[in-house]
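Colleague: This structure is in structure tokens; I'll ask about it shortly.
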Amino acid sequence: MSYYVTTTIPYVNARPHLGFALELVQADVLARHRRSRGGAVRFLSGTDENSLKNVLAAEAEGVAVQDLVDRNAAAFAELAQPLALSFDDFIRTSRDPRHRAGVAHLWQRCAEAGDFYRKAYTGRYCVGCEAFYNDAELVDGRCPDHGTEPQEVSEENWFFRLSRYEEQLRELITSGALRIEPASRRNEVLALIDSGLRDFSVSRSRARARGWGIPVPGDDDQVVYVWWDALGNYVTSLGLGGDAPAEEFQRWWAGEGERVHLVGKGVLRFHAVYWPAMLLSAGLPLPTRVLVHDYLTVSGRKISKSAGDVVDPAELVARYGTDAVRWWLLREVPRVGDADFTEERLIARADADLADGFGNLVHRVVTMVHRYRDGVVPEPTTVTTATSELRAVCARAAGRVDAALDAFDYRTAAAAVWTLVEEANRCIDRTRPWELAKAERTGARSAPLDAALAALVAACREVGEQLRPFLPDAAQRIVERCTPQGGVLPKSTPLFAKLGD
Ligand SMILES: [Zn+2]
């Protein structure tokens, strides 16, 4: 079964921050995990470039919009290397020839369904959110997300008949055809639907958009609302509406497989209400799952580009390495609730789990195999309680990781791998290989020592295998340490440098 997983596409009015790195890494883990289980996977990321926000950022800097979006989009695409991201495709909405044609096609389909009408409109618009707000949604007249006063806008726009899809959306979400997780987010969407869905404006005057964006088909005075345009990326990147035969679209969006969107809590309504309604109108299949993450704070404060306390993920990796950054994001951020990032926490977690945990275990085991068996992993000729228990825990590890990731719970999945380290260390404490080796000096070769070393090497290798989706580089190093070359394990050298001291 195919598995198509996407991140949201961020505005490129500024460089990436750590909050978005969380979403990228989470999506990457799902993609790598599915591939490691033999599934057909497509992983998409990209950048949202046709936004007024980008125009204003370019004006503030005194540069051309295209130059600004090119520069910042590159900074997002270039996160692939430091964060070890395995996306198969990266779509840029202002540059990609697939996108413009696809958005126009999507628009035409909804127009043919009779779901657009023109209307004069006055509303309050937050450029930060690129969204209109009504009075009830504002907090003291300010945007709940940005704390800024939205600007009053009066113009004639195209409206989309969202209200028409209220019943269908409720049914799809209630039946689980469209799964929204965690359940609290699903309930939030159902409450929103129950409060009544109102048609929304899906175009902007060309003048207000400063001429930047995709023209509305058949109406050159209007450009397509940036959210409409951006949401389309999930199918335009598959060739919908393009010249080429839509094989990719058929394979990843129209088949039996899963279609999974990772999104931050702030853009839930766009992905769980607007986007499915657009697809219903266009007569296209819906995503199967929307997975919602909460936000990171940094040193107790909300991440805000304007506050100037942004943590640059590439810089963080330059200082501490890919493994440490990914591990913190996956091991520390809970499934529900915001998580607070500090460099102290990142260092403490990396040293405790990577250097003192994974690294130390593999070092101990490989060193014992060299000391007691000249580097040759022995064939076990007996089974002891300690080794059979360790092997049983190893055999369950993959299933525990599968279950946790299916529940979108990275912390529990990472903890399942960590359990292997604890169990292997417990096995060492129980079997006391050094005492078995001492007894060998005056007697026969110890079958329990062979059994212990064999089980421990197998456990370390399983740690490496299960760690692959989380820490691809470190996992490969661990597996190599546990794989004989010319019949002998490589000599142990440190797997992880200590970051603190
Ligand atoms: Zn806002």
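Chain labels follow the order of the structure tokens: the first chain is A, the next B, and so on; residue numbering restarts at 1 in every chain, and ligands are counted from 1 in their shown order.
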Could you pull the residues within 12 Å of Ile428 of chain A, counting only C-alpha atoms, minus those fewer than 5 positions along the same chain, as a list of chain:residue names?

Modeller: A:Leu361, A:Val362, A:Arg364, A:Val365, A:Met368, A:Ala386, A:Thr387, A:Leu390, A:Val421, A:Glu422, A:Glu423, A:Pro433, A:Trp434, A:Glu435, A:Leu436, A:Pro448, A:Leu449, A:Ala451, A:Ala452, A:Leu453, A:Ala454, A:Ala455, A:Leu456, A:Val457, A:Ala459

Colleague: Can you write just those residues out, N, CA, C and O atoms, as a compact mmCIF listing (two decimals), in the first residue's frame?

Modeller:
```txt
# COMPACT_ATOMS: atom_id res chain seq x y z
N LEU A 361 26.83 1.56 25.53
CA LEU A 361 26.43 0.15 25.41
C LEU A 361 27.20 -0.55 24.28
O LEU A 361 27.78 -1.62 24.47
N VAL A 362 27.19 0.07 23.12
CA VAL A 362 27.86 -0.56 21.97
C VAL A 362 29.35 -0.71 22.26
O VAL A 362 29.96 -1.76 21.98
N ARG A 364 30.85 -1.04 25.20
CA ARG A 364 31.06 -2.11 26.18
C ARG A 364 30.99 -3.47 25.51
O ARG A 364 31.82 -4.35 25.73
N VAL A 365 29.96 -3.66 24.68
CA VAL A 365 29.72 -4.97 24.09
C VAL A 365 30.82 -5.32 23.09
O VAL A 365 31.39 -6.42 23.14
N MET A 368 34.03 -6.16 24.88
CA MET A 368 34.03 -7.51 25.49
C MET A 368 34.23 -8.60 24.44
O MET A 368 34.94 -9.57 24.69
N ALA A 386 18.64 -14.80 31.27
CA ALA A 386 18.93 -13.39 30.94
C ALA A 386 18.97 -13.18 29.43
O ALA A 386 18.43 -12.19 28.92
N THR A 387 19.59 -14.11 28.71
CA THR A 387 19.70 -13.89 27.26
C THR A 387 18.37 -14.13 26.57
O THR A 387 18.05 -13.45 25.59
N LEU A 390 16.34 -11.01 27.03
CA LEU A 390 16.82 -9.92 26.17
C LEU A 390 16.36 -10.15 24.73
O LEU A 390 15.90 -9.23 24.06
N VAL A 421 18.25 -0.50 25.16
CA VAL A 421 19.52 -0.16 25.84
C VAL A 421 19.44 -0.58 27.30
O VAL A 421 20.36 -1.21 27.84
N GLU A 422 18.32 -0.24 27.92
CA GLU A 422 18.17 -0.59 29.34
C GLU A 422 18.21 -2.11 29.53
O GLU A 422 18.85 -2.61 30.47
N GLU A 423 17.52 -2.83 28.65
CA GLU A 423 17.47 -4.29 28.79
C GLU A 423 18.84 -4.91 28.53
O GLU A 423 19.22 -5.88 29.19
N PRO A 433 29.69 -10.97 32.39
CA PRO A 433 30.60 -11.65 31.46
C PRO A 433 32.05 -11.71 31.97
O PRO A 433 32.74 -12.69 31.71
N TRP A 434 32.49 -10.68 32.69
CA TRP A 434 33.88 -10.67 33.18
C TRP A 434 34.14 -11.80 34.16
O TRP A 434 35.24 -12.35 34.19
N GLU A 435 33.12 -12.19 34.92
CA GLU A 435 33.31 -13.33 35.85
C GLU A 435 33.32 -14.65 35.09
O GLU A 435 34.09 -15.55 35.41
N LEU A 436 32.46 -14.75 34.09
CA LEU A 436 32.44 -15.97 33.26
C LEU A 436 33.79 -16.12 32.56
O LEU A 436 34.34 -17.23 32.46
N PRO A 448 27.65 -20.08 28.62
CA PRO A 448 26.88 -18.89 29.00
C PRO A 448 27.53 -17.59 28.53
O PRO A 448 26.81 -16.64 28.18
N LEU A 449 28.87 -17.55 28.49
CA LEU A 449 29.53 -16.33 27.99
C LEU A 449 29.26 -16.17 26.48
O LEU A 449 28.95 -15.07 26.01
N ALA A 451 26.68 -17.27 24.93
CA ALA A 451 25.26 -16.90 24.80
C ALA A 451 25.06 -15.42 25.10
O ALA A 451 24.32 -14.72 24.39
N ALA A 452 25.73 -14.92 26.15
CA ALA A 452 25.56 -13.53 26.55
C ALA A 452 26.11 -12.60 25.47
O ALA A 452 25.45 -11.64 25.05
N LEU A 453 27.31 -12.88 24.99
CA LEU A 453 27.92 -11.99 23.99
C LEU A 453 27.10 -11.99 22.70
O LEU A 453 26.88 -10.94 22.09
N ALA A 454 26.64 -13.18 22.30
CA ALA A 454 25.84 -13.25 21.07
C ALA A 454 24.55 -12.45 21.20
O ALA A 454 24.16 -11.69 20.30
N ALA A 455 23.88 -12.61 22.36
CA ALA A 455 22.62 -11.89 22.56
C ALA A 455 22.86 -10.38 22.64
O ALA A 455 22.04 -9.59 22.15
N LEU A 456 23.96 -9.99 23.25
CA LEU A 456 24.24 -8.56 23.39
C LEU A 456 24.58 -7.92 22.04
O LEU A 456 24.13 -6.81 21.75
N VAL A 457 25.35 -8.61 21.23
CA VAL A 457 25.65 -8.07 19.90
C VAL A 457 24.34 -7.96 19.09
O VAL A 457 24.09 -6.95 18.42
N ALA A 459 21.40 -7.52 20.28
CA ALA A 459 20.61 -6.42 20.83
C ALA A 459 21.13 -5.08 20.32
O ALA A 459 20.34 -4.19 19.96
```

Colleague: So which residues are near ligand 1, meaning at most 9 Å away with only C-alpha atoms and all ligand atoms counted, given back as a list in words?

Modeller: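 Going residue by residue within 9 Å of ligand 1, we get Tyr125, Cys126, Val127, Gly128, Cys129, Glu130, Ala131, Phe132, Tyr133, Arg142, Cys143, Pro144, Asp145, His146, Gly147, Thr148, Glu149 and Pro150 of chain A.
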
Colleague: Write the residues of the selection above to a file with all heavy atoms, as a CSV table (one decimal), in the first residue's frame.

Modeller:
```csv
chain,number,residue,atom,x,y,z
A,125,TYR,N,-8.4,41.5,8.2
A,125,TYR,CA,-7.4,40.5,7.7
A,125,TYR,C,-6.1,40.6,8.4
A,125,TYR,O,-5.5,41.7,8.6
A,125,TYR,CB,-7.2,40.9,6.2
A,125,TYR,CG,-6.5,39.8,5.4
A,125,TYR,CD1,-7.2,38.7,5.0
A,125,TYR,CD2,-5.1,39.9,5.1
A,125,TYR,CE1,-6.6,37.7,4.3
A,125,TYR,CE2,-4.5,38.9,4.4
A,125,TYR,CZ,-5.2,37.8,4.0
A,125,TYR,OH,-4.6,36.8,3.3
A,126,CYS,N,-5.6,39.5,8.9
A,126,CYS,CA,-4.3,39.4,9.5
A,126,CYS,C,-3.3,38.9,8.5
A,126,CYS,O,-3.5,37.8,8.0
A,126,CYS,CB,-4.3,38.5,10.7
A,126,CYS,SG,-2.6,38.3,11.4
A,127,VAL,N,-2.4,39.8,8.1
A,127,VAL,CA,-1.4,39.4,7.0
A,127,VAL,C,-0.5,38.3,7.6
A,127,VAL,O,-0.1,37.4,6.8
A,127,VAL,CB,-0.6,40.6,6.6
A,127,VAL,CG1,0.4,40.2,5.5
A,127,VAL,CG2,-1.5,41.7,6.0
A,128,GLY,N,-0.2,38.3,8.9
A,128,GLY,CA,0.6,37.2,9.5
A,128,GLY,C,0.0,35.9,9.2
A,128,GLY,O,0.7,34.9,8.9
A,129,CYS,N,-1.3,35.8,9.4
A,129,CYS,CA,-2.1,34.5,9.2
A,129,CYS,C,-2.5,34.3,7.8
A,129,CYS,O,-2.8,33.2,7.4
A,129,CYS,CB,-3.3,34.4,10.1
A,129,CYS,SG,-3.0,34.4,11.9
A,130,GLU,N,-2.5,35.4,7.0
A,130,GLU,CA,-3.1,35.4,5.7
A,130,GLU,C,-4.6,34.9,5.8
A,130,GLU,O,-5.0,34.0,5.1
A,130,GLU,CB,-2.3,34.6,4.7
A,130,GLU,CG,-0.9,35.1,4.4
A,130,GLU,CD,-0.9,36.3,3.4
A,130,GLU,OE1,-2.0,36.8,3.1
A,130,GLU,OE2,0.2,36.7,2.9
A,131,ALA,N,-5.3,35.5,6.7
A,131,ALA,CA,-6.7,35.0,6.9
A,131,ALA,C,-7.6,36.1,7.5
A,131,ALA,O,-7.1,37.0,8.2
A,131,ALA,CB,-6.7,33.8,7.9
A,132,PHE,N,-8.9,36.1,7.1
A,132,PHE,CA,-9.8,37.0,7.7
A,132,PHE,C,-10.3,36.5,9.1
A,132,PHE,O,-10.3,35.3,9.3
A,132,PHE,CB,-11.1,37.1,6.8
A,132,PHE,CG,-10.9,38.0,5.6
A,132,PHE,CD1,-10.7,37.5,4.4
A,132,PHE,CD2,-10.9,39.4,5.8
A,132,PHE,CE1,-10.5,38.3,3.3
A,132,PHE,CE2,-10.8,40.2,4.7
A,132,PHE,CZ,-10.6,39.7,3.5
A,133,TYR,N,-10.6,37.4,10.0
A,133,TYR,CA,-11.1,37.0,11.3
A,133,TYR,C,-12.5,37.7,11.5
A,133,TYR,O,-12.6,38.9,11.0
A,133,TYR,CB,-10.2,37.5,12.4
A,133,TYR,CG,-9.0,36.5,12.6
A,133,TYR,CD1,-7.7,36.8,12.0
A,133,TYR,CD2,-9.2,35.3,13.2
A,133,TYR,CE1,-6.7,35.9,12.2
A,133,TYR,CE2,-8.1,34.4,13.4
A,133,TYR,CZ,-6.9,34.7,12.9
A,133,TYR,OH,-5.9,33.8,13.0
A,142,ARG,N,-7.6,41.8,18.6
A,142,ARG,CA,-6.3,41.4,18.0
A,142,ARG,C,-6.2,39.9,17.6
A,142,ARG,O,-7.0,39.1,18.1
A,142,ARG,CB,-5.2,41.6,19.1
A,142,ARG,CG,-4.9,43.1,19.3
A,142,ARG,CD,-4.1,43.3,20.6
A,142,ARG,NE,-3.9,44.8,20.7
A,142,ARG,CZ,-2.9,45.5,20.1
A,142,ARG,NH1,-2.1,44.9,19.3
A,142,ARG,NH2,-2.8,46.8,20.4
A,143,CYS,N,-5.4,39.7,16.6
A,143,CYS,CA,-5.2,38.3,16.2
A,143,CYS,C,-4.7,37.4,17.3
A,143,CYS,O,-3.8,37.7,18.0
A,143,CYS,CB,-4.2,38.3,15.0
A,143,CYS,SG,-3.6,36.6,14.6
A,144,PRO,N,-5.4,36.2,17.5
A,144,PRO,CA,-5.0,35.4,18.6
A,144,PRO,C,-3.6,34.8,18.5
A,144,PRO,O,-3.0,34.5,19.4
A,144,PRO,CB,-6.1,34.3,18.6
A,144,PRO,CG,-6.7,34.3,17.2
A,144,PRO,CD,-6.6,35.7,16.8
A,145,ASP,N,-3.2,34.7,17.3
A,145,ASP,CA,-1.8,34.1,17.0
A,145,ASP,C,-0.7,35.2,17.0
A,145,ASP,O,0.3,34.9,17.5
A,145,ASP,CB,-1.9,33.4,15.6
A,145,ASP,CG,-1.2,32.1,15.7
A,145,ASP,OD1,-1.3,31.4,16.7
A,145,ASP,OD2,-0.5,31.7,14.7
A,146,HIS,N,-1.0,36.3,16.4
A,146,HIS,CA,0.1,37.3,16.3
A,146,HIS,C,0.0,38.5,17.2
A,146,HIS,O,1.0,39.2,17.4
A,146,HIS,CB,0.1,37.9,14.8
A,146,HIS,CG,0.5,36.8,13.8
A,146,HIS,ND1,-0.4,36.0,13.2
A,146,HIS,CD2,1.7,36.4,13.4
A,146,HIS,CE1,0.2,35.2,12.4
A,146,HIS,NE2,1.5,35.4,12.5
A,147,GLY,N,-1.2,38.7,17.9
A,147,GLY,CA,-1.3,39.8,18.8
A,147,GLY,C,-1.3,41.1,18.1
A,147,GLY,O,-1.2,42.2,18.8
A,148,THR,N,-1.5,41.1,16.8
A,148,THR,CA,-1.6,42.4,16.1
A,148,THR,C,-3.0,42.7,15.7
A,148,THR,O,-3.9,41.8,15.6
A,148,THR,CB,-0.7,42.3,14.8
A,148,THR,OG1,-1.1,41.1,14.1
A,148,THR,CG2,0.7,42.2,15.1
A,149,GLU,N,-3.3,44.0,15.4
A,149,GLU,CA,-4.6,44.3,15.0
A,149,GLU,C,-4.8,44.1,13.5
A,149,GLU,O,-4.1,44.7,12.7
A,149,GLU,CB,-4.9,45.8,15.3
A,149,GLU,CG,-5.5,46.1,16.7
A,149,GLU,CD,-5.8,47.5,16.9
A,149,GLU,OE1,-6.5,48.1,16.0
A,149,GLU,OE2,-5.3,48.1,17.9
A,150,PRO,N,-5.8,43.2,13.1
A,150,PRO,CA,-6.0,43.0,11.7
A,150,PRO,C,-6.4,44.3,11.0
A,150,PRO,O,-7.0,45.1,11.6
A,150,PRO,CB,-7.1,41.9,11.7
A,150,PRO,CG,-7.2,41.4,13.0
A,150,PRO,CD,-6.7,42.5,14.0
```

Colleague: Using DSSP on the backbone, list every residue of segment 182-300 of chain A that comes out as strand (DSSP E or B), and give them as a ChimeraX atom specification.

Modeller: /A:200-201,203-205,215-216,219-224,258-264,289-293,296-298

Colleague: Keeping only N, CA, C and O atoms, take the residues you just selected and write them out as a compact mmCIF listing (two decimals), in the first residue's frame.

Modeller:
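selection-v1.txt, freshly written:
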```
# COMPACT_ATOMS: atom_id res chain seq x y z
N PHE A 200 -16.09 31.21 2.39
CA PHE A 200 -14.94 32.09 2.61
C PHE A 200 -14.38 32.62 1.29
O PHE A 200 -14.57 32.03 0.23
N SER A 201 -13.71 33.75 1.43
CA SER A 201 -13.17 34.44 0.27
C SER A 201 -11.92 33.70 -0.22
O SER A 201 -11.03 33.38 0.57
N SER A 203 -10.20 34.70 -3.20
CA SER A 203 -9.37 35.47 -4.12
C SER A 203 -9.08 36.83 -3.49
O SER A 203 -9.69 37.20 -2.49
N ARG A 204 -8.15 37.54 -4.05
CA ARG A 204 -7.77 38.87 -3.58
C ARG A 204 -7.69 39.77 -4.80
O ARG A 204 -7.37 39.30 -5.89
N SER A 205 -7.92 41.06 -4.59
CA SER A 205 -7.75 41.94 -5.73
C SER A 205 -6.27 41.94 -6.09
O SER A 205 -5.39 41.84 -5.23
N PRO A 215 -3.07 34.19 -11.04
CA PRO A 215 -4.32 34.83 -11.46
C PRO A 215 -5.49 33.86 -11.39
O PRO A 215 -5.33 32.66 -11.65
N VAL A 216 -6.66 34.40 -11.03
CA VAL A 216 -7.87 33.58 -11.07
C VAL A 216 -8.20 33.28 -12.53
O VAL A 216 -8.22 34.20 -13.35
N ASP A 219 -10.41 35.69 -14.68
CA ASP A 219 -10.63 36.96 -13.99
C ASP A 219 -9.28 37.55 -13.59
O ASP A 219 -8.80 37.35 -12.48
N ASP A 220 -8.70 38.30 -14.52
CA ASP A 220 -7.34 38.78 -14.32
C ASP A 220 -7.19 39.83 -13.22
O ASP A 220 -6.08 40.14 -12.81
N ASP A 221 -8.33 40.39 -12.76
CA ASP A 221 -8.24 41.40 -11.70
C ASP A 221 -8.03 40.78 -10.33
O ASP A 221 -7.81 41.48 -9.35
N GLN A 222 -8.17 39.47 -10.27
CA GLN A 222 -8.08 38.79 -8.97
C GLN A 222 -6.95 37.75 -9.00
O GLN A 222 -6.70 37.14 -10.04
N VAL A 223 -6.30 37.57 -7.85
CA VAL A 223 -5.36 36.46 -7.72
C VAL A 223 -5.95 35.46 -6.73
O VAL A 223 -6.73 35.82 -5.84
N VAL A 224 -5.56 34.21 -6.88
CA VAL A 224 -6.06 33.14 -6.03
C VAL A 224 -5.53 33.36 -4.60
O VAL A 224 -4.36 33.66 -4.40
N GLU A 258 -2.37 5.43 1.91
CA GLU A 258 -2.59 6.50 2.89
C GLU A 258 -2.06 7.82 2.36
O GLU A 258 -1.05 7.87 1.66
N ARG A 259 -2.76 8.91 2.72
CA ARG A 259 -2.37 10.27 2.35
C ARG A 259 -2.35 11.07 3.64
O ARG A 259 -3.41 11.34 4.22
N VAL A 260 -1.16 11.39 4.10
CA VAL A 260 -0.98 11.90 5.46
C VAL A 260 -0.40 13.31 5.44
O VAL A 260 0.65 13.54 4.85
N HIS A 261 -1.11 14.24 6.08
CA HIS A 261 -0.60 15.61 6.22
C HIS A 261 -0.15 15.85 7.65
O HIS A 261 -0.92 15.64 8.59
N LEU A 262 1.08 16.30 7.82
CA LEU A 262 1.52 16.79 9.13
C LEU A 262 1.30 18.29 9.17
O LEU A 262 1.73 18.99 8.25
N VAL A 263 0.69 18.77 10.24
CA VAL A 263 0.39 20.20 10.33
C VAL A 263 0.55 20.68 11.77
O VAL A 263 0.37 19.92 12.71
N GLY A 264 0.86 21.97 11.91
CA GLY A 264 0.88 22.58 13.23
C GLY A 264 -0.54 22.94 13.65
O GLY A 264 -1.42 23.11 12.80
N ARG A 289 -5.34 11.03 6.67
CA ARG A 289 -5.00 11.40 8.05
C ARG A 289 -4.41 12.80 8.09
O ARG A 289 -3.61 13.17 7.24
N VAL A 290 -4.82 13.54 9.11
CA VAL A 290 -4.19 14.82 9.41
C VAL A 290 -3.62 14.71 10.82
O VAL A 290 -4.35 14.46 11.78
N LEU A 291 -2.31 14.81 10.92
CA LEU A 291 -1.62 14.65 12.21
C LEU A 291 -1.18 16.03 12.69
O LEU A 291 -0.45 16.73 11.99
N VAL A 292 -1.62 16.38 13.87
CA VAL A 292 -1.45 17.75 14.35
C VAL A 292 -0.44 17.80 15.49
O VAL A 292 -0.58 17.11 16.49
N HIS A 293 0.58 18.62 15.30
CA HIS A 293 1.55 18.80 16.40
C HIS A 293 1.34 20.15 17.06
O HIS A 293 0.86 21.09 16.44
N LEU A 296 6.71 24.45 19.66
CA LEU A 296 7.86 24.56 20.56
C LEU A 296 7.90 25.97 21.12
O LEU A 296 7.58 26.93 20.42
N THR A 297 8.32 26.07 22.36
CA THR A 297 8.72 27.37 22.87
C THR A 297 10.23 27.30 23.07
O THR A 297 10.81 26.22 23.12
N VAL A 298 10.85 28.47 23.14
CA VAL A 298 12.30 28.51 23.35
C VAL A 298 12.55 29.28 24.63
O VAL A 298 12.14 30.43 24.75
```

Colleague: Can you list, as a PyMOL selection string, every protein, DNA or RNA residue that comes within 12 Å of Gly242 of chain A when you count only C-alpha atoms, leaving out same-chain residues fewer than 5 positions away?

Modeller: chain A and resi 96-106+235-237+247-249

Colleague: Nearest to Val377 of chain A among A:Gly218, A:Gly38, A:Gly486, A:Gly19, with distances taken over only C-alpha atoms: which residue is it?

Modeller: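 Result for the nearest residue to Val377 of chain A: A:Gly486.
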
Colleague: With distances taken over only C-alpha atoms, which residue among A:Val311, A:Ala414, A:Val488, A:Leu405 lies nearest Pro378 of chain A?

Modeller: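 Of A:Val311, A:Ala414, A:Val488, A:Leu405, the one nearest Pro378 of chain A is A:Val488, counting only C-alpha atoms.
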
Colleague: Quick one: of A:Leu495, A:Ala230, A:Cys427, A:Ala21, who's nearest to Val267 of chain A, counting only C-alpha atoms?

Modeller: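 Among the listed residues, the smallest separation from Val267 of chain A belongs to A:Ala230.
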
Colleague: Considering only helix (DSSP H, G or I) as DSSP defines it on the backbone, what residues of segment 196-264 of chain A qualify? List them as a PDB file with N, CA, C and O atoms, in the first residue's frame.

Modeller:
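Below is the file result-v6.pdb, written as the result:
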```
ATOM      1  N   VAL A 226      -3.936  32.952  -1.178  1.00  0.00           N
ATOM      2  CA  VAL A 226      -2.687  32.215  -1.008  1.00  0.00           C
ATOM      3  C   VAL A 226      -2.887  30.854  -0.327  1.00  0.00           C
ATOM      4  O   VAL A 226      -2.175  29.898  -0.610  1.00  0.00           O
ATOM      5  N   TRP A 227      -3.889  30.748   0.537  1.00  0.00           N
ATOM      6  CA  TRP A 227      -4.107  29.438   1.176  1.00  0.00           C
ATOM      7  C   TRP A 227      -4.671  28.418   0.190  1.00  0.00           C
ATOM      8  O   TRP A 227      -4.329  27.249   0.220  1.00  0.00           O
ATOM      9  N   TRP A 228      -5.566  28.903  -0.662  1.00  0.00           N
ATOM     10  CA  TRP A 228      -6.121  28.017  -1.692  1.00  0.00           C
ATOM     11  C   TRP A 228      -4.981  27.488  -2.567  1.00  0.00           C
ATOM     12  O   TRP A 228      -4.863  26.298  -2.839  1.00  0.00           O
ATOM     13  N   ASP A 229      -4.171  28.434  -2.980  1.00  0.00           N
ATOM     14  CA  ASP A 229      -2.998  28.142  -3.810  1.00  0.00           C
ATOM     15  C   ASP A 229      -2.070  27.161  -3.078  1.00  0.00           C
ATOM     16  O   ASP A 229      -1.678  26.118  -3.623  1.00  0.00           O
ATOM     17  N   ALA A 230      -1.760  27.441  -1.813  1.00  0.00           N
ATOM     18  CA  ALA A 230      -0.783  26.631  -1.080  1.00  0.00           C
ATOM     19  C   ALA A 230      -1.299  25.220  -0.817  1.00  0.00           C
ATOM     20  O   ALA A 230      -0.571  24.240  -1.000  1.00  0.00           O
ATOM     21  N   LEU A 231      -2.554  25.097  -0.408  1.00  0.00           N
ATOM     22  CA  LEU A 231      -3.094  23.766  -0.112  1.00  0.00           C
ATOM     23  C   LEU A 231      -3.038  22.868  -1.349  1.00  0.00           C
ATOM     24  O   LEU A 231      -2.825  21.665  -1.259  1.00  0.00           O
ATOM     25  N   ASN A 233      -0.777  22.432  -3.300  1.00  0.00           N
ATOM     26  CA  ASN A 233       0.547  21.824  -3.558  1.00  0.00           C
ATOM     27  C   ASN A 233       0.564  20.317  -3.336  1.00  0.00           C
ATOM     28  O   ASN A 233       1.345  19.596  -3.963  1.00  0.00           O
ATOM     29  N   TYR A 234      -0.320  19.848  -2.459  1.00  0.00           N
ATOM     30  CA  TYR A 234      -0.308  18.416  -2.145  1.00  0.00           C
ATOM     31  C   TYR A 234      -0.708  17.570  -3.350  1.00  0.00           C
ATOM     32  O   TYR A 234      -0.348  16.399  -3.427  1.00  0.00           O
ATOM     33  N   VAL A 235      -1.470  18.174  -4.272  1.00  0.00           N
ATOM     34  CA  VAL A 235      -1.837  17.423  -5.485  1.00  0.00           C
ATOM     35  C   VAL A 235      -1.180  17.977  -6.754  1.00  0.00           C
ATOM     36  O   VAL A 235      -0.920  17.214  -7.684  1.00  0.00           O
ATOM     37  N   THR A 236      -0.865  19.277  -6.765  1.00  0.00           N
ATOM     38  CA  THR A 236      -0.208  19.797  -7.978  1.00  0.00           C
ATOM     39  C   THR A 236       1.179  19.173  -8.131  1.00  0.00           C
ATOM     40  O   THR A 236       1.639  18.943  -9.245  1.00  0.00           O
ATOM     41  N   GLU A 247       0.067   9.875 -13.830  1.00  0.00           N
ATOM     42  CA  GLU A 247       0.402   8.601 -13.171  1.00  0.00           C
ATOM     43  C   GLU A 247       0.708   8.776 -11.689  1.00  0.00           C
ATOM     44  O   GLU A 247       0.295   7.993 -10.852  1.00  0.00           O
ATOM     45  N   GLU A 248       1.500   9.825 -11.411  1.00  0.00           N
ATOM     46  CA  GLU A 248       1.883  10.057 -10.021  1.00  0.00           C
ATOM     47  C   GLU A 248       0.645  10.357  -9.183  1.00  0.00           C
ATOM     48  O   GLU A 248       0.501   9.866  -8.075  1.00  0.00           O
ATOM     49  N   PHE A 249      -0.232  11.165  -9.753  1.00  0.00           N
ATOM     50  CA  PHE A 249      -1.453  11.494  -9.027  1.00  0.00           C
ATOM     51  C   PHE A 249      -2.271  10.227  -8.764  1.00  0.00           C
ATOM     52  O   PHE A 249      -2.742  10.000  -7.647  1.00  0.00           O
ATOM     53  N   GLN A 250      -2.408   9.398  -9.771  1.00  0.00           N
ATOM     54  CA  GLN A 250      -3.162   8.151  -9.598  1.00  0.00           C
ATOM     55  C   GLN A 250      -2.535   7.288  -8.512  1.00  0.00           C
ATOM     56  O   GLN A 250      -3.218   6.729  -7.666  1.00  0.00           O
ATOM     57  N   ARG A 251      -1.218   7.213  -8.553  1.00  0.00           N
ATOM     58  CA  ARG A 251      -0.534   6.295  -7.658  1.00  0.00           C
ATOM     59  C   ARG A 251      -0.616   6.750  -6.204  1.00  0.00           C
ATOM     60  O   ARG A 251      -0.831   5.952  -5.306  1.00  0.00           O
ATOM     61  N   TRP A 252      -0.400   8.057  -5.969  1.00  0.00           N
ATOM     62  CA  TRP A 252      -0.245   8.515  -4.581  1.00  0.00           C
ATOM     63  C   TRP A 252      -1.505   9.143  -4.005  1.00  0.00           C
ATOM     64  O   TRP A 252      -1.659   9.249  -2.805  1.00  0.00           O
TER      65      TRP A 252
END
```

Colleague: Go through A:Ala31, A:Ala424, A:Ala209, A:Leu169 one by one, measure the shortest atom-to-atom distance of each to Ala191 of chain A using only C-alpha atoms, and give the residue with the smallest value.

Modeller: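 Among A:Ala31, A:Ala424, A:Ala209, A:Leu169, it is A:Leu169 that comes nearest to Ala191 of chain A.
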